[in-house]
Every structure is written in C-alpha cells, then in structure tokens.
Amino acid sequence: MSSSPWTKIGHGFAWFFNLHLDPYGQDEAERNDSRHASQSHPNVELYDERDPTAVDWLLSITPTPRGILHYFYRLFPFLHWITRYNLIWFVGDLIAGVTVGAVVVPQGMAYALLAELEPQYGLYSSFMGVLLYWFFATSKDITIGPVAVMSTVTGGIVNRAETALPDVPGHVVASALAVIVGGIVCFLGLARLGWIVDFIPLPSIAAFMTGSGINIAVGQIPTMMGMNSKKKRFSTRDATYLVIINTLRNLRYTTIDAAMGLTALLMLYIIRGTCSYLAKKYPHREKTLFFISTLRTAFVILLYTAISAGVNLNRRTDPLFSVLGEVPRGFQHAAVPELNSRIISFFTSELPAAVIVVLIEHISISKSFGRVNNYVIDPSQELVAIGVTNLLGPFLGAYPATGSFSRTAIKAKSGVRTPFAGVITAIVVLLALYALTAVFWYIPQASLAAVIIHAVLDVVSPPNVVYQFWRISPLEVIIFFAGVLVTIFDSIEDGIYTTVCVSFAVFVFRLFQAKGRFLGIAKVRTIGDLRFSSRNSENQSLSQDQKVTANAREGSISSERNLFIPIDHEDNSNPRISVTHPYPGVFIYQFSELFNYPNATRFLDGLTAGIFKATRRTDPESLGKLGDRPWNDPGPRRGKVLLDDTEERPTLRAVILDCSAINNVDVTSVQALIDVRNQLDRYTQPDIVEWHFANVRNPWTRRALVAAGFGFIRPNRGDAEAGKRWKSIFSIAELADAASPLSINAANEKRASGGDEEIAAQSPSVNEDESSVRRVPVYGLNRPFFHADVQEALDAVLENIEYRPPIFKS
C-alpha cells in the first residue's frame, strides 16, 4: 500500500532528526492483537481504536462560520425571549421593577457615601446598571448597581487619592476605576473565561462577605451615632478593630443624630420581624406582607425625611442633625471618563481586589438564584454584562457596580418574569433624579447609615452556616475564620487575598498529597426490596403479572457479584467483611485523584511500596554478584544464607490500574509510570509484569499511554506458540432491537410468567434472533490491555494467568 506524500515527508523528517516513530512496535502489535481477537471471536465485528491527532484538536478549537454566528448571537441573550414577550410577563416585570426601584434609590445614595462620593453618583450607578444589564443578561433576577462592599473598596481608593492626587476629583478616580475594572471583566467574558470564578470556593466567599459586612457595619456606627457629625474625631477607614475601639472611646460625643439612626434601625428590624411572624400566622396574606417588608427601607427613609423636613425646614443653614444635603437634578456630571497613566497607576495595586469583588458578588449571586429558580446562567456572558455596564456607566458619572444580593432577592420574590424589569427600575431611578432631588436634601445621614447597617448585616454568615461548613470540611472553617479575622484586623482587600490564596494552597496541597488505594474483592449480594414482605395481603388484589413481579422482589437476593473496595477498609466499609487481593500476585490499584505531575510520584510510590510489601522477587539469583547488586537491596552476604520471611509471598504477576478518576495525564506522570514499569520488570525478571488499565475514558489519555508502550502486547520474538498469544477478553454490545434494555426486561418477564413448555416452544426463534444480532466491541480490539471496567480487566488477567505465553519471557 503506497503512502501519501505527507507521510513520506514525515518519515523523512523522522529519519533526519533520528526520531523513533514506533519504539515499542505498536503498529505490528495492534495488527496482531486485532487479527487474533477477530479470529477467536468471528461473530464479533472488527473495531480498532484510532488515536486522536493534533489536527483533530486544531479542528475542534477552530471556529466554524456557524460557531462564529452562534458566538455573537449568544452575546445578546435578550434575542432569545424578546419576541415572545407578553402582557403577563410585563405585569410581573412592572411590579418587580417598581419594587426594586423603591429600594435602590435610598440604597444607592447611601452606598455612594460609602464610596466617599456625593449621593447622586450612587443614583447614576443604579440607573446605568439596571438599564444596560438586560441586554446581556442570562439571569432574570440579578440587579446591578452600587453595593456595600464594592463601594467600600472604591471609597478606600478615593480616600487615598485625596492625598496622592489632590488635583483630581474623587468621582474622576472612581469613574476611571470603573472603566478599567469593566474592561478587564468584559475581556474575561468575551474570552469565555467565566469558569475562573469557580476557583473561589464557597467558604472563601462566605468569609469575604461576613468580614466585609462586619467591617462596613462597624464603620457606619459612628455616622449613625453622630460622633463625626460636628467634627471628624477618627477615621472610619481604619481596621475594623480600631474603629470599634475608637467608637467606644468617643461615645460621649454622641449627638441627636443617634435618635434618627438608632430608631430607624430598630424600626427596620421591627417591620421585618413583624411581617415574617404574620406571614407564618396568616399564610394567605404572605404576598401582601412580603411587599410591606420589602418596602420597609423606602418607608423608613420617607418617614425620617418627613421628620427631618419638619424640623429643618427653617434651619437649612444650621440643621439640627446631619442631613444628606444638595443632590443635583439630572445627569449634571455626564462626561467622557478621564483616563491617564497617572490615575491608572495610582490604583493599579487595588485592581485585583476590585475585580475579585465584582466577580465574586455577581457570579455567586446569579448562580444561587439560578439554582433556586430553575434556570442556568452563563458565567462568561454574565461577565460580559457586568463589564459593559462598568465600561459605559462612567459616561454618566457612575462608579464600579456589581450584582446586589438584597435587591436581587427582592426582585426574585416580587415575581419578576424577565430581565426587562431592569428598564422599569431605571425609569423609577430616572424619576427620582429629576423629581425628588429637592426632597433628598432632608434625608438624615444617620438614617442612611442605619439602612446600610441593616442591609450589610444580612450577608454575615449565621452560626448554623459555619457549623455546616464544619460538618462538611473542618479545614475550610479555618479558612473562613482566617478571612474574617484578616478583614477585621487589617482590610477587606487583604481578607480577599487571604481566603483566595489559602483556598488555592489547600487545593494544591490536597492534589500533591493524593494517594491511591489497593482494591480487593468482596463477594456480595444485593438484597431485594423487603418492603413487599409486609404487603402480602395487598397481593390479593393484584393481577397475575403484578403478583409475579412482587413475589420476585419480595425478600429476594440478586446473583452474587464482585465488589471492589479498599483492602484496608479506608472507605468506611464494614471491617468485618473479608477483602482480599483477587489472585496471588495480582494487584488492583485505584487512583483517587487526577494523575499529573504534582502527585505522580506519591501515587506510584504507594503502588510500589504496597507491591514490595506483599510479594517477593521472582528470581533472587537475578541480583547477580554482591558487587553488582544495588546498595539499597544487597541481599545476603556471600556464603551466608539469610532466612527470608518473604518466601511464602507470591511473585508479582499483573497490575490493574483503575483510572476512573483520571481525565488527562502529562509527560511527567507517564514517564514516572514508565520508570515504575521498568523497576517492576527488573523485580520480576525473567518475567514481565502485565499492566492493565480500566475506565480510561479520555482518548488523549489512551493515546499517551499507548505512546509509552501500554495497552497492547509487544510483538513476540518468534518463540511463542502459534495461536497461543493471548486470550482476548473484551466487552461487546448488541445492536439489534432485541438487545435493548426494555426488550430484555420484557423477555425476562415473559420467561418469568411462562412455563417450560412455552420456553421450549420459543427456543428456535430465539436462536434465530440471536444469530441475527450484531455484536460489536465497546473498545478497540487492538488494545487488549485497555478495559471497559475493573471486572473485565480482572477477567482478562485471570483467564491468561495460568498460561504464561513466552511473550512474557525476556
């Protein structure tokens, strides 16, 4: 058969660079194995595996015209549902949009104060967040806008900019930060890298939210108590523990602001608690009570604004307590964001924390509500949405925004139907910007501080959540408390870095410390459904077929089978069950984790240690003279006979590797496997160890193992008997309709209900049907040492173990 020009060119390069294209005789071996298997089983159709190639991989990642169109179509998810928009959906969106709008207006202004900005910037961020998000959203519940933690991070940057960049207004720095953060996040989304967020585990997110909530709440207490209203006595941007100490030291400076703050906070909790209690007592009023509870923030702000207006209407130059002050009408700060190297270089060190905050809050919230409301979000598309929002928002004066947990929960419970509810919320914010700015002047700052405290304390993880963490993974509770403590005693940014870095370090440690386990065989039976034993009386009313099924299940026991469990019962199986190796000198070894360069040595060290402990050297004389022996295994001295307690141990015959936990391998891990193969071959010489692999599902992993000489029988050297090379054991599937699970069950039921005469009468047709069934192998016949499961691998070993063909002799 003539080779193609490309093959000839490839062989020419191989000759020039002295490349060994087939060092293990793979081509010849696979042809022989496939031919032998097909000859031994003529009723099985031939199937040989084909290794994937680099060209296949390139083709799989090369975008097709259809794929490119689909990519751009997915960038605008609203196209999927907008054509089916209807009046019922609009009513749900209208209610949810207005409800969220009533909450976001006071919250937005309060969070702007956290960001060290004037309150209108919070409204700008709220408007742009909800207006733009619906174009790119894959979540109907998320509400993008200013949030407490991101506002605090932004406020820290703006606060430091006042000293480092005194000629640059704070809102310019905040807008520049939003553009850069938005650009980074948008790039991650367009590159479809949303999976990066999965590197941050739940305990780290909980620690970040808990520490941030405590930090923000403590920082708002001085404002709520009025300690800094007349004179700024201490900074609330210090570490949380210092703010607590300074607050206690300055309690004597509490002003009348405390009356507006403490009572507002108390009223918020009273309304929520009362509504929750009444909802349980009067379930038919639950919806009404939910809306009352949801609008408590707007109600409290309106009430205290009215009180403030009554007190300060004639005292605008000297208000009795601190008020919000002037809020410009409309978008008076709309402009192109100012970006230059001086501003960007100032907050470059803060960018990782800012990006992580945006990612954590938004993706974790959207995934959570997607699971609750039975839909799946696209993390990468969500990054596009939040990135575009932060890129375009600064043109109207917005600062960094992300998903809000409290407003998202309100939106979900309000009956939102589509992301279009954000447009309704934007209209509410727009009305507030143009119609209510005169009223905003009278809002007490202490009451806004109470609103912030009330909102952020909801994100603090309650003790029961931490207890559940402890029950699931005690180590991660340490990570949780580490993140909280660093946030309290240092800063939110360092708390974020701590939890992320420690979580990644724990992941790497677990990967490095992974260990395999030796599996043994336990003979087991499965007990049937014994519940039928208490229903004998019910069988009287069943039909004949139902009685047969019930009697078959009643107290029945299935056929005996092999169960592969760890020899040392470390999987918590019953230690009274006798578990043994399947055969003297045959070992089943299971990888518990990925098999890659970090843990390859540890896995294989455990394998060899277990084998050496349970076996003996096949030929002690193979050690040779004393001077030729390895220093770590010298054997007995010349003329001395060493009593060897290993004499009763078997010699090593075969190793079965359960690769169900392995997806990919790398050069380091495969080379380590080759080294262990060579080591064990020296240990068993003149024999050679058989290596069988079960549950290898990834074709690239199979290709890597084949390239290392595994998976097939190397060509014999001419001393094997004809026809006795290897007894092929493999799994097949039947392609006839009669072989489908449903038809097999029906046939079994027929046999169970029919008599012997009926079975005998049907046997000729059954034989005819069986002769027409097509039998095909599950995996290639050219790789006899790759098996569908552990049982098949063990069958192959035991079928051939007594007859050791000369192919296994050196």
# chains A, B, ... in the order shown; residues from 1 in each chain; ligands from 1
>>> select_by_dssp(residues="segment 55-182 of chain A", states="helix (DSSP H, G or I)", output="PyMOL selection string")
chain A and resi 55-61+65-74+78-84+87-114+119-136+148-164+170-182
>>> residues_around(residues="Val655 of chain A", least_positions_apart="2", cutoff="7 Å", atoms="only C-alpha atoms", output="list in words")
Val586, Phe587, Ile588, Leu657, Glu690, Trp691 and His692 of chain A
>>> residues_around(residues="Glu28 of chain A", least_positions_apart="2", cutoff="12 Å", atoms="only C-alpha atoms", output="list in words")
Asp22, Pro23, Tyr24, Gly25, Gln26, Glu30, Arg31, Asn32, Asp33, Ser34, Arg35, Phe712, Ile713, Arg714, Pro715, Asn716, Asn782 and Arg783 of chain A
>>> atom_distance(atom1="atom CA of Ile478 of chain A", atom2="atom CA of Thr154 of chain A")
28.4 Å
>>> residues_around(residues="Phe135 of chain A", least_positions_apart="3", cutoff="9 Å", atoms="only C-alpha atoms", output="VMD selection string")
chain A and resid 75 to 79 131 to 132 385 419 to 420
>>> residues_around(residues="Tyr779 of chain A", least_positions_apart="5", cutoff="10 Å", atoms="only C-alpha atoms", output="PDB file with C-alpha atoms, in the first residue's frame")
ATOM      1  CA  TYR A  47     -13.320  -2.426  15.609  1.00  0.00           C
ATOM      2  CA  ASP A  48      -9.928  -0.778  16.111  1.00  0.00           C
ATOM      3  CA  GLU A  49      -9.308   2.387  18.055  1.00  0.00           C
ATOM      4  CA  PHE A 730     -13.459  -7.684  25.979  1.00  0.00           C
ATOM      5  CA  SER A 731     -16.945  -6.246  26.317  1.00  0.00           C
ATOM      6  CA  ILE A 732     -19.423  -6.193  23.475  1.00  0.00           C
ATOM      7  CA  PRO A 784      -6.312  -5.709  24.675  1.00  0.00           C
ATOM      8  CA  PHE A 786      -7.434  -1.324  27.937  1.00  0.00           C
ATOM      9  CA  HIS A 787     -10.656  -2.463  29.570  1.00  0.00           C
ATOM     10  CA  ALA A 788     -14.154  -1.094  29.992  1.00  0.00           C
TER      11      ALA A 788
END
>>> residues_around(residues="Glu493 of chain A", least_positions_apart="4", cutoff="8 Å", atoms="only C-alpha atoms", output="PyMOL selection string")
chain A and resi 153+350+353+487+497
>>> residues_around(residues="Leu265 of chain A", least_positions_apart="5", cutoff="12 Å", atoms="only C-alpha atoms", output="list of chain:residue names")
A:Ala217, A:Gln220, A:Ile221, A:Met224, A:Met225, A:Ala258, A:Ala259, A:Met260, A:Ile270, A:Ile271, A:Arg272, A:Arg296, A:Thr297, A:Val300, A:Ile301, A:Tyr304, A:Ala446, A:Ser447, A:Leu448, A:Ala449, A:Ala450, A:Val451, A:Ile452, A:Ile453, A:His454, A:Ala455, A:Leu457
>>> closest_atom_pairs(of="segment 350-431 of chain A", to="segment 192-206 of chain A", cutoff="12 Å", atoms="only C-alpha atoms", output="Markdown table")
| residue | atom | partner | partner_atom | distance |
| --- | --- | --- | --- | --- |
| A:Val355 | CA | A:Val197 | CA | 10.8 |
| A:Ile356 | CA | A:Val197 | CA | 8.5 |
| A:Val357 | CA | A:Ile205 | CA | 9.6 |
| A:Val358 | CA | A:Val197 | CA | 10.5 |
| A:Leu359 | CA | A:Val197 | CA | 6.8 |
| A:Ile360 | CA | A:Ile205 | CA | 6.9 |
| A:Glu361 | CA | A:Ile205 | CA | 8.3 |
| A:His362 | CA | A:Val197 | CA | 10.1 |
| A:Ile363 | CA | A:Val197 | CA | 7.4 |
| A:Ser364 | CA | A:Ile205 | CA | 8.2 |
| A:Ile365 | CA | A:Ile205 | CA | 10.6 |
| A:Lys367 | CA | A:Asp198 | CA | 11.0 |
| A:Ser368 | CA | A:Leu202 | CA | 11.2 |
| A:Ile377 | CA | A:Gly194 | CA | 10.7 |
| A:Asp378 | CA | A:Gly194 | CA | 7.9 |
| A:Pro379 | CA | A:Gly194 | CA | 4.8 |
| A:Ser380 | CA | A:Gly194 | CA | 4.0 |
| A:Gln381 | CA | A:Arg192 | CA | 7.6 |
| A:Glu382 | CA | A:Gly194 | CA | 8.1 |
| A:Leu383 | CA | A:Gly194 | CA | 6.8 |
| A:Val384 | CA | A:Arg192 | CA | 9.0 |
| A:Ala385 | CA | A:Gly194 | CA | 11.8 |
| A:Ile386 | CA | A:Gly194 | CA | 11.9 |
>>> write_last_selection(atoms="N, CA, C and O atoms", output="PDB file, in the first residue's frame")
ATOM      1  N   VAL A 355     -11.495  43.668  41.041  1.00  0.00           N
ATOM      2  CA  VAL A 355     -12.013  42.696  40.069  1.00  0.00           C
ATOM      3  C   VAL A 355     -12.590  41.477  40.784  1.00  0.00           C
ATOM      4  O   VAL A 355     -13.663  40.970  40.432  1.00  0.00           O
ATOM      5  N   ILE A 356     -11.892  40.995  41.813  1.00  0.00           N
ATOM      6  CA  ILE A 356     -12.381  39.826  42.554  1.00  0.00           C
ATOM      7  C   ILE A 356     -13.719  40.119  43.217  1.00  0.00           C
ATOM      8  O   ILE A 356     -14.628  39.284  43.204  1.00  0.00           O
ATOM      9  N   VAL A 357     -13.863  41.316  43.793  1.00  0.00           N
ATOM     10  CA  VAL A 357     -15.131  41.681  44.428  1.00  0.00           C
ATOM     11  C   VAL A 357     -16.260  41.663  43.403  1.00  0.00           C
ATOM     12  O   VAL A 357     -17.352  41.120  43.648  1.00  0.00           O
ATOM     13  N   VAL A 358     -16.007  42.263  42.247  1.00  0.00           N
ATOM     14  CA  VAL A 358     -17.037  42.301  41.201  1.00  0.00           C
ATOM     15  C   VAL A 358     -17.417  40.885  40.778  1.00  0.00           C
ATOM     16  O   VAL A 358     -18.611  40.557  40.648  1.00  0.00           O
ATOM     17  N   LEU A 359     -16.417  40.027  40.583  1.00  0.00           N
ATOM     18  CA  LEU A 359     -16.689  38.669  40.129  1.00  0.00           C
ATOM     19  C   LEU A 359     -17.412  37.849  41.188  1.00  0.00           C
ATOM     20  O   LEU A 359     -18.414  37.174  40.909  1.00  0.00           O
ATOM     21  N   ILE A 360     -16.896  37.897  42.418  1.00  0.00           N
ATOM     22  CA  ILE A 360     -17.463  37.071  43.489  1.00  0.00           C
ATOM     23  C   ILE A 360     -18.924  37.415  43.709  1.00  0.00           C
ATOM     24  O   ILE A 360     -19.805  36.541  43.727  1.00  0.00           O
ATOM     25  N   GLU A 361     -19.208  38.690  43.915  1.00  0.00           N
ATOM     26  CA  GLU A 361     -20.571  39.079  44.261  1.00  0.00           C
ATOM     27  C   GLU A 361     -21.536  38.727  43.141  1.00  0.00           C
ATOM     28  O   GLU A 361     -22.598  38.135  43.364  1.00  0.00           O
ATOM     29  N   HIS A 362     -21.186  39.078  41.924  1.00  0.00           N
ATOM     30  CA  HIS A 362     -22.143  38.907  40.835  1.00  0.00           C
ATOM     31  C   HIS A 362     -22.371  37.435  40.491  1.00  0.00           C
ATOM     32  O   HIS A 362     -23.519  36.973  40.422  1.00  0.00           O
ATOM     33  N   ILE A 363     -21.300  36.689  40.267  1.00  0.00           N
ATOM     34  CA  ILE A 363     -21.448  35.310  39.817  1.00  0.00           C
ATOM     35  C   ILE A 363     -22.048  34.432  40.904  1.00  0.00           C
ATOM     36  O   ILE A 363     -22.916  33.586  40.634  1.00  0.00           O
ATOM     37  N   SER A 364     -21.611  34.612  42.148  1.00  0.00           N
ATOM     38  CA  SER A 364     -22.153  33.772  43.218  1.00  0.00           C
ATOM     39  C   SER A 364     -23.644  34.021  43.405  1.00  0.00           C
ATOM     40  O   SER A 364     -24.428  33.081  43.603  1.00  0.00           O
ATOM     41  N   ILE A 365     -24.063  35.280  43.324  1.00  0.00           N
ATOM     42  CA  ILE A 365     -25.484  35.599  43.479  1.00  0.00           C
ATOM     43  C   ILE A 365     -26.286  35.050  42.304  1.00  0.00           C
ATOM     44  O   ILE A 365     -27.343  34.443  42.484  1.00  0.00           O
ATOM     45  N   LYS A 367     -25.594  32.568  40.232  1.00  0.00           N
ATOM     46  CA  LYS A 367     -25.672  31.109  40.266  1.00  0.00           C
ATOM     47  C   LYS A 367     -26.663  30.636  41.323  1.00  0.00           C
ATOM     48  O   LYS A 367     -27.443  29.708  41.095  1.00  0.00           O
ATOM     49  N   SER A 368     -26.615  31.278  42.479  1.00  0.00           N
ATOM     50  CA  SER A 368     -27.509  30.884  43.574  1.00  0.00           C
ATOM     51  C   SER A 368     -28.969  31.038  43.181  1.00  0.00           C
ATOM     52  O   SER A 368     -29.777  30.113  43.348  1.00  0.00           O
ATOM     53  N   ILE A 377     -27.403  29.961  34.393  1.00  0.00           N
ATOM     54  CA  ILE A 377     -26.767  31.179  33.880  1.00  0.00           C
ATOM     55  C   ILE A 377     -25.500  30.809  33.122  1.00  0.00           C
ATOM     56  O   ILE A 377     -24.939  29.730  33.295  1.00  0.00           O
ATOM     57  N   ASP A 378     -25.066  31.714  32.274  1.00  0.00           N
ATOM     58  CA  ASP A 378     -23.796  31.568  31.565  1.00  0.00           C
ATOM     59  C   ASP A 378     -22.800  32.518  32.230  1.00  0.00           C
ATOM     60  O   ASP A 378     -22.888  33.738  32.050  1.00  0.00           O
ATOM     61  N   PRO A 379     -21.868  31.991  33.059  1.00  0.00           N
ATOM     62  CA  PRO A 379     -20.944  32.876  33.789  1.00  0.00           C
ATOM     63  C   PRO A 379     -20.173  33.818  32.874  1.00  0.00           C
ATOM     64  O   PRO A 379     -19.985  34.994  33.209  1.00  0.00           O
ATOM     65  N   SER A 380     -19.740  33.330  31.724  1.00  0.00           N
ATOM     66  CA  SER A 380     -18.974  34.185  30.815  1.00  0.00           C
ATOM     67  C   SER A 380     -19.836  35.325  30.289  1.00  0.00           C
ATOM     68  O   SER A 380     -19.384  36.473  30.199  1.00  0.00           O
ATOM     69  N   GLN A 381     -21.084  35.024  29.947  1.00  0.00           N
ATOM     70  CA  GLN A 381     -21.974  36.067  29.454  1.00  0.00           C
ATOM     71  C   GLN A 381     -22.302  37.064  30.559  1.00  0.00           C
ATOM     72  O   GLN A 381     -22.455  38.263  30.304  1.00  0.00           O
ATOM     73  N   GLU A 382     -22.402  36.591  31.788  1.00  0.00           N
ATOM     74  CA  GLU A 382     -22.636  37.497  32.914  1.00  0.00           C
ATOM     75  C   GLU A 382     -21.452  38.455  33.089  1.00  0.00           C
ATOM     76  O   GLU A 382     -21.633  39.620  33.444  1.00  0.00           O
ATOM     77  N   LEU A 383     -20.248  37.971  32.829  1.00  0.00           N
ATOM     78  CA  LEU A 383     -19.077  38.854  32.899  1.00  0.00           C
ATOM     79  C   LEU A 383     -19.132  39.902  31.799  1.00  0.00           C
ATOM     80  O   LEU A 383     -18.728  41.054  32.012  1.00  0.00           O
ATOM     81  N   VAL A 384     -19.616  39.510  30.623  1.00  0.00           N
ATOM     82  CA  VAL A 384     -19.789  40.488  29.551  1.00  0.00           C
ATOM     83  C   VAL A 384     -20.777  41.565  29.998  1.00  0.00           C
ATOM     84  O   VAL A 384     -20.548  42.770  29.802  1.00  0.00           O
ATOM     85  N   ALA A 385     -21.880  41.141  30.602  1.00  0.00           N
ATOM     86  CA  ALA A 385     -22.914  42.087  31.022  1.00  0.00           C
ATOM     87  C   ALA A 385     -22.381  43.077  32.045  1.00  0.00           C
ATOM     88  O   ALA A 385     -22.571  44.308  31.919  1.00  0.00           O
ATOM     89  N   ILE A 386     -21.707  42.568  33.046  1.00  0.00           N
ATOM     90  CA  ILE A 386     -21.208  43.458  34.097  1.00  0.00           C
ATOM     91  C   ILE A 386     -20.047  44.296  33.582  1.00  0.00           C
ATOM     92  O   ILE A 386     -19.854  45.451  34.004  1.00  0.00           O
TER      93      ILE A 386
END
>>> closest_residue(among="A:Arg329, A:Arg677, A:Arg315, A:Lys232", to="Val439 of chain A", atoms="only C-alpha atoms")
A:Arg329
>>> closest_residue(among="A:Ile343, A:Trp134, A:Trp15, A:His284", to="Arg160 of chain A", atoms="only C-alpha atoms")
A:Ile343
>>> closest_residue(among="A:Ala54, A:Leu94, A:Ala412, A:Leu165", to="Val372 of chain A", atoms="only C-alpha atoms")
A:Ala412
>>> closest_residue(among="A:Arg342, A:Arg316, A:Arg285, A:Lys230", to="Val173 of chain A", atoms="only C-alpha atoms")
A:Arg342
>>> closest_residue(among="A:Asp490, A:Thr223, A:Cys275, A:Phe595", to="Tyr253 of chain A", atoms="only C-alpha atoms")
A:Thr223
>>> atom_distance(atom1="atom CA of Gly709 of chain A", atom2="atom CA of Asp675 of chain A")
11.9 Å
>>> select_by_dssp(residues="segment 416-542 of chain A", states="strand (DSSP E)", output="VMD selection string")
chain A and resid 517 to 524
>>> closest_residue(among="A:Phe321, A:Phe347, A:Phe489, A:Tyr277", to="Gly226 of chain A", atoms="only C-alpha atoms")
A:Phe321
>>> decode(residues="segment 365-376 of chain A", atoms="all heavy atoms", output="mmCIF file, in the first residue's frame")
data_model
loop_
_atom_site.group_PDB
_atom_site.id
_atom_site.type_symbol
_atom_site.label_atom_id
_atom_site.label_comp_id
_atom_site.auth_asym_id
_atom_site.auth_seq_id
_atom_site.Cartn_x
_atom_site.Cartn_y
_atom_site.Cartn_z
ATOM 1 N N ILE A 365 -24.063 35.280 43.324
ATOM 2 C CA ILE A 365 -25.484 35.599 43.479
ATOM 3 C C ILE A 365 -26.286 35.050 42.304
ATOM 4 O O ILE A 365 -27.343 34.443 42.484
ATOM 5 C CB ILE A 365 -25.668 37.127 43.600
ATOM 6 C CG1 ILE A 365 -25.057 37.629 44.905
ATOM 7 C CG2 ILE A 365 -27.147 37.504 43.531
ATOM 8 C CD1 ILE A 365 -24.978 39.144 45.000
ATOM 9 N N SER A 366 -25.799 35.254 41.088
ATOM 10 C CA SER A 366 -26.557 34.808 39.914
ATOM 11 C C SER A 366 -26.670 33.294 39.881
ATOM 12 O O SER A 366 -27.732 32.745 39.546
ATOM 13 C CB SER A 366 -25.895 35.328 38.634
ATOM 14 O OG SER A 366 -24.557 34.888 38.535
ATOM 15 N N LYS A 367 -25.594 32.568 40.232
ATOM 16 C CA LYS A 367 -25.672 31.109 40.266
ATOM 17 C C LYS A 367 -26.663 30.636 41.323
ATOM 18 O O LYS A 367 -27.443 29.708 41.095
ATOM 19 C CB LYS A 367 -24.284 30.512 40.554
ATOM 20 C CG LYS A 367 -23.352 30.502 39.368
ATOM 21 C CD LYS A 367 -22.063 29.776 39.718
ATOM 22 C CE LYS A 367 -21.145 29.674 38.510
ATOM 23 N NZ LYS A 367 -19.893 28.959 38.837
ATOM 24 N N SER A 368 -26.615 31.278 42.479
ATOM 25 C CA SER A 368 -27.509 30.884 43.574
ATOM 26 C C SER A 368 -28.969 31.038 43.181
ATOM 27 O O SER A 368 -29.777 30.113 43.348
ATOM 28 C CB SER A 368 -27.192 31.712 44.815
ATOM 29 O OG SER A 368 -28.107 31.437 45.850
ATOM 30 N N PHE A 369 -29.333 32.183 42.621
ATOM 31 C CA PHE A 369 -30.727 32.411 42.256
ATOM 32 C C PHE A 369 -31.127 31.599 41.025
ATOM 33 O O PHE A 369 -32.291 31.254 40.866
ATOM 34 C CB PHE A 369 -30.978 33.903 42.031
ATOM 35 C CG PHE A 369 -31.167 34.653 43.317
ATOM 36 C CD1 PHE A 369 -30.086 35.203 43.983
ATOM 37 C CD2 PHE A 369 -32.421 34.785 43.876
ATOM 38 C CE1 PHE A 369 -30.246 35.876 45.173
ATOM 39 C CE2 PHE A 369 -32.602 35.468 45.074
ATOM 40 C CZ PHE A 369 -31.507 36.014 45.727
ATOM 41 N N GLY A 370 -30.158 31.298 40.160
ATOM 42 C CA GLY A 370 -30.460 30.423 39.037
ATOM 43 C C GLY A 370 -30.857 29.035 39.512
ATOM 44 O O GLY A 370 -31.812 28.434 39.003
ATOM 45 N N ARG A 371 -30.119 28.497 40.504
ATOM 46 C CA ARG A 371 -30.477 27.188 41.041
ATOM 47 C C ARG A 371 -31.825 27.221 41.750
ATOM 48 O O ARG A 371 -32.629 26.293 41.618
ATOM 49 C CB ARG A 371 -29.380 26.704 41.996
ATOM 50 C CG ARG A 371 -28.104 26.253 41.303
ATOM 51 C CD ARG A 371 -27.163 25.583 42.261
ATOM 52 N NE ARG A 371 -26.593 26.529 43.209
ATOM 53 C CZ ARG A 371 -25.426 27.132 43.049
ATOM 54 N NH1 ARG A 371 -24.715 26.884 41.968
ATOM 55 N NH2 ARG A 371 -24.964 27.976 43.949
ATOM 56 N N VAL A 372 -32.078 28.290 42.500
ATOM 57 C CA VAL A 372 -33.337 28.388 43.240
ATOM 58 C C VAL A 372 -34.521 28.456 42.281
ATOM 59 O O VAL A 372 -35.569 27.836 42.503
ATOM 60 C CB VAL A 372 -33.314 29.616 44.169
ATOM 61 C CG1 VAL A 372 -34.699 29.889 44.745
ATOM 62 C CG2 VAL A 372 -32.318 29.403 45.295
ATOM 63 N N ASN A 373 -34.378 29.210 41.191
ATOM 64 C CA ASN A 373 -35.495 29.447 40.276
ATOM 65 C C ASN A 373 -35.444 28.594 39.012
ATOM 66 O O ASN A 373 -36.124 28.882 38.031
ATOM 67 C CB ASN A 373 -35.550 30.933 39.904
ATOM 68 C CG ASN A 373 -35.882 31.799 41.113
ATOM 69 O OD1 ASN A 373 -36.798 31.497 41.868
ATOM 70 N ND2 ASN A 373 -35.118 32.863 41.298
ATOM 71 N N ASN A 374 -34.572 27.576 39.031
ATOM 72 C CA ASN A 374 -34.568 26.544 37.987
ATOM 73 C C ASN A 374 -34.205 27.078 36.599
ATOM 74 O O ASN A 374 -34.893 26.843 35.613
ATOM 75 C CB ASN A 374 -35.933 25.844 37.933
ATOM 76 C CG ASN A 374 -35.873 24.537 37.159
ATOM 77 O OD1 ASN A 374 -34.837 23.888 37.117
ATOM 78 N ND2 ASN A 374 -36.969 24.168 36.529
ATOM 79 N N TYR A 375 -33.117 27.801 36.519
ATOM 80 C CA TYR A 375 -32.546 28.147 35.222
ATOM 81 C C TYR A 375 -31.029 28.208 35.369
ATOM 82 O O TYR A 375 -30.506 28.282 36.488
ATOM 83 C CB TYR A 375 -33.099 29.478 34.690
ATOM 84 C CG TYR A 375 -32.806 30.693 35.525
ATOM 85 C CD1 TYR A 375 -31.612 31.395 35.386
ATOM 86 C CD2 TYR A 375 -33.728 31.161 36.453
ATOM 87 C CE1 TYR A 375 -31.340 32.517 36.137
ATOM 88 C CE2 TYR A 375 -33.471 32.282 37.216
ATOM 89 C CZ TYR A 375 -32.274 32.962 37.059
ATOM 90 O OH TYR A 375 -32.001 34.073 37.822
ATOM 91 N N VAL A 376 -30.343 28.125 34.253
ATOM 92 C CA VAL A 376 -28.881 28.066 34.265
ATOM 93 C C VAL A 376 -28.336 29.359 33.678
ATOM 94 O O VAL A 376 -28.754 29.791 32.598
ATOM 95 C CB VAL A 376 -28.373 26.862 33.447
ATOM 96 C CG1 VAL A 376 -26.849 26.839 33.434
ATOM 97 C CG2 VAL A 376 -28.923 25.562 34.014
#
